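Participant: Mind looking over this structure? Questions follow.
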Amino acid sequence: MPTDSFTQIEGLRSDFHAKICEAFSNGMSVIEISNLFGYTKINFVHGVLRDAKLIRPMSKKGPQRSHDIDARLQQGLDKRGYSFARWCVGWGFDPVEAALTLKEKPADGVSSALDAVRRDLPEIYFEIFEGRPPVQKTWQEKKVYPRLSLNIAWDEVLRGYVASVPETPGVEAIGYNWADALEKMESVQRLMRNISLLDSVLQNCGTSEDGK
């Protein structure tokens, strides 16, 4: 890994963004990718994909059109930072057509828009389209990440404080004081963890659903 903290973090961030794009191209939705990192809002992932031109930008000209969809669905999207039109753009749907198909569950199968709701907002899907109460969340053991150690030492040559983690040898972050070195190392470790999560998903991308 490079010793320059800015270069190191930017390299990891570039890799992270590239893997988000790869996961999206392999069939994951914006909300599914956001869920993987525990993000409650979709703005970051949606923005990465928009900047990579995998999602077209929304027009900011003129009034935003409202769509006749179930209020529960709109509330669920609102909580994730989505308008219905923006969610449709992420999936590649025409908002008008998608709103029509989401009026009721088709008798002859599941539409693409309906399947997208099932994947992104399963509790709301079951409540609206299956006529059942929201699915009760079962208790899940919280994922425990490895407990890492941290060393911070002054480096006379680099003229800065160098943070290193023994459990990830070769990874360093340089700061002008302890707090700066710690903040940069936290960014490095967070990026490495998120990249690892995406790598695990992409290993199974052959079984991913294509919906966009």
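Chain identifiers are assigned as A, B, and so on, following the order in which chains appear in the structure tokens; residues are numbered from 1 within each chain, and ligands are numbered from 1 in order of appearance.
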DSSP says alpha helix (DSSP H) for which residues of segment 6-107 of chain A? Put them as a VMD selection string?
Facilitator: chain A and resid 6 to 25 30 to 36 43 to 51 71 to 79 84 to 91 95 to 101
Participant: Quick one: of A:Ser149, A:Asn204, A:Ser29, A:Ser83, who's nearest to Ile55 of chain A, counting only C-alpha atoms?
Facilitator: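 Checking each of A:Ser149, A:Asn204, A:Ser29, A:Ser83 against Ile55 of chain A, counting only C-alpha atoms, the winner is A:Ser29.
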Participant: I need the residues of chain A that end up classed as strand (DSSP E or B) by DSSP on the backbone, written out as a ChimeraX atom specification.
Facilitator: /A:151-155,160-164,172-175
Participant: Residues near segment 119-134 of chain A, anyone? I mean within 7 Å using only C-alpha atoms, not counting same-chain ones fewer than 3 positions away, as a count of residues only.
Facilitator: 8
Participant: Could you tell me how far atom CA of Asn194 of chain A sits from atom CA of Phe37 of chain A, in Å to one decimal place?
Facilitator: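 Atom-to-atom, atom CA of Phe37 of chain A and atom CA of Asn194 of chain A are spaced 6.6 Å apart.
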Participant: Between atom CA of Tyr145 of chain A and atom CA of Asp15 of chain A, what is the distance in Å, rounded to a tenth?
Facilitator: 21.1 Å
Participant: Which residues, written as a PyMOL selection string, have at least one atom at most 8 Å from segment 46-49 of chain A, with only C-alpha atoms counted and residues fewer than 6 positions away on the same chain left out?
Facilitator: chain A and resi 17+20-21+30+55+90
Participant: Can you pull out the residues contacting Leu12 of chain A? Cut-off 10 Å, using only C-alpha atoms, and skip same-chain residues under 2 positions away; I want them as an NGL selection string.
Facilitator: :A and (1 or 6-10 or 14-18 or 187-192 or 195)
Participant: Restrict the selected residues to C-alpha atoms and save them as a short mmCIF file (atom, residue, chain, number, x, y, z; two decimals), in the first residue's frame.
Facilitator:
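Output file result_35.cif is given in full below:
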data_model
loop_
_atom_site.label_atom_id
_atom_site.label_comp_id
_atom_site.auth_asym_id
_atom_site.auth_seq_id
_atom_site.Cartn_x
_atom_site.Cartn_y
_atom_site.Cartn_z
CA MET A 1 0.00 0.00 0.00
CA PHE A 6 -4.50 10.66 0.54
CA THR A 7 -3.33 8.47 -2.36
CA GLN A 8 -4.12 5.33 -0.39
CA ILE A 9 -7.63 6.42 0.58
CA GLU A 10 -8.40 7.67 -2.93
CA SER A 14 -11.94 4.29 -6.45
CA ASP A 15 -11.91 0.50 -5.98
CA PHE A 16 -14.99 0.73 -3.76
CA HIS A 17 -16.91 2.76 -6.33
CA ALA A 18 -15.88 0.38 -9.11
CA SER A 187 -11.60 5.65 6.60
CA VAL A 188 -9.14 3.09 5.25
CA GLN A 189 -10.53 0.27 7.39
CA ARG A 190 -14.13 1.17 6.54
CA LEU A 191 -13.36 1.17 2.82
CA MET A 192 -11.52 -2.14 3.11
CA ILE A 195 -14.84 -3.71 -0.46
#
Participant: Check the smallest atom-to-atom distance from each of A:Lys184, A:Arg118, A:Arg86, A:Arg159 to Arg50 of chain A using only C-alpha atoms, then report the winner.
Facilitator: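 Among A:Lys184, A:Arg118, A:Arg86, A:Arg159, it is A:Arg86 that comes nearest to Arg50 of chain A.
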Participant: Using only C-alpha atoms, which residues sit within 6 Å of segment 94-103 of chain A once same-chain residues fewer than 3 positions away are excluded, as a list in words?
Facilitator: Ile69, Ala85, Cys88 and Ala113 of chain A
Participant: Residues as selected, N, CA and C atoms, written as a short mmCIF file (atom, residue, chain, number, x, y, z; two decimals), in the first residue's frame, can you do that?
Facilitator:
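After the write, again34.cif holds the following:
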data_model
loop_
_atom_site.label_atom_id
_atom_site.label_comp_id
_atom_site.auth_asym_id
_atom_site.auth_seq_id
_atom_site.Cartn_x
_atom_site.Cartn_y
_atom_site.Cartn_z
N ILE A 69 -49.51 6.05 -6.56
CA ILE A 69 -49.09 4.77 -5.98
C ILE A 69 -49.58 4.69 -4.55
N ALA A 85 -40.29 8.36 -8.74
CA ALA A 85 -39.66 8.53 -10.06
C ALA A 85 -38.18 8.21 -10.01
N CYS A 88 -37.66 4.50 -9.82
CA CYS A 88 -37.87 3.90 -11.14
C CYS A 88 -36.66 4.09 -12.04
N ALA A 113 -41.72 -4.49 -12.01
CA ALA A 113 -41.83 -3.46 -10.97
C ALA A 113 -42.25 -4.07 -9.65
#
Participant: Report, in Å to a single decimal, how far apart atom CA of Trp87 of chain A and atom CA of Leu202 of chain A are.
Facilitator: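 Atom-to-atom, atom CA of Leu202 of chain A and atom CA of Trp87 of chain A are spaced 22.9 Å apart.
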Participant: Can you work out which one of A:Arg147, A:Ala179, A:Val110, A:Ser34 has the shortest atom-to-atom distance to Val162 of chain A, counting only C-alpha atoms?
Facilitator: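 Using only C-alpha atoms, Val162 of chain A sits closest to A:Ala179.
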Participant: From the set A:Ala181, A:Ala153, A:Val201, A:Leu148, which residue has the shortest atom-to-atom contact distance to Thr168 of chain A, counting only C-alpha atoms?
Facilitator: A:Leu148
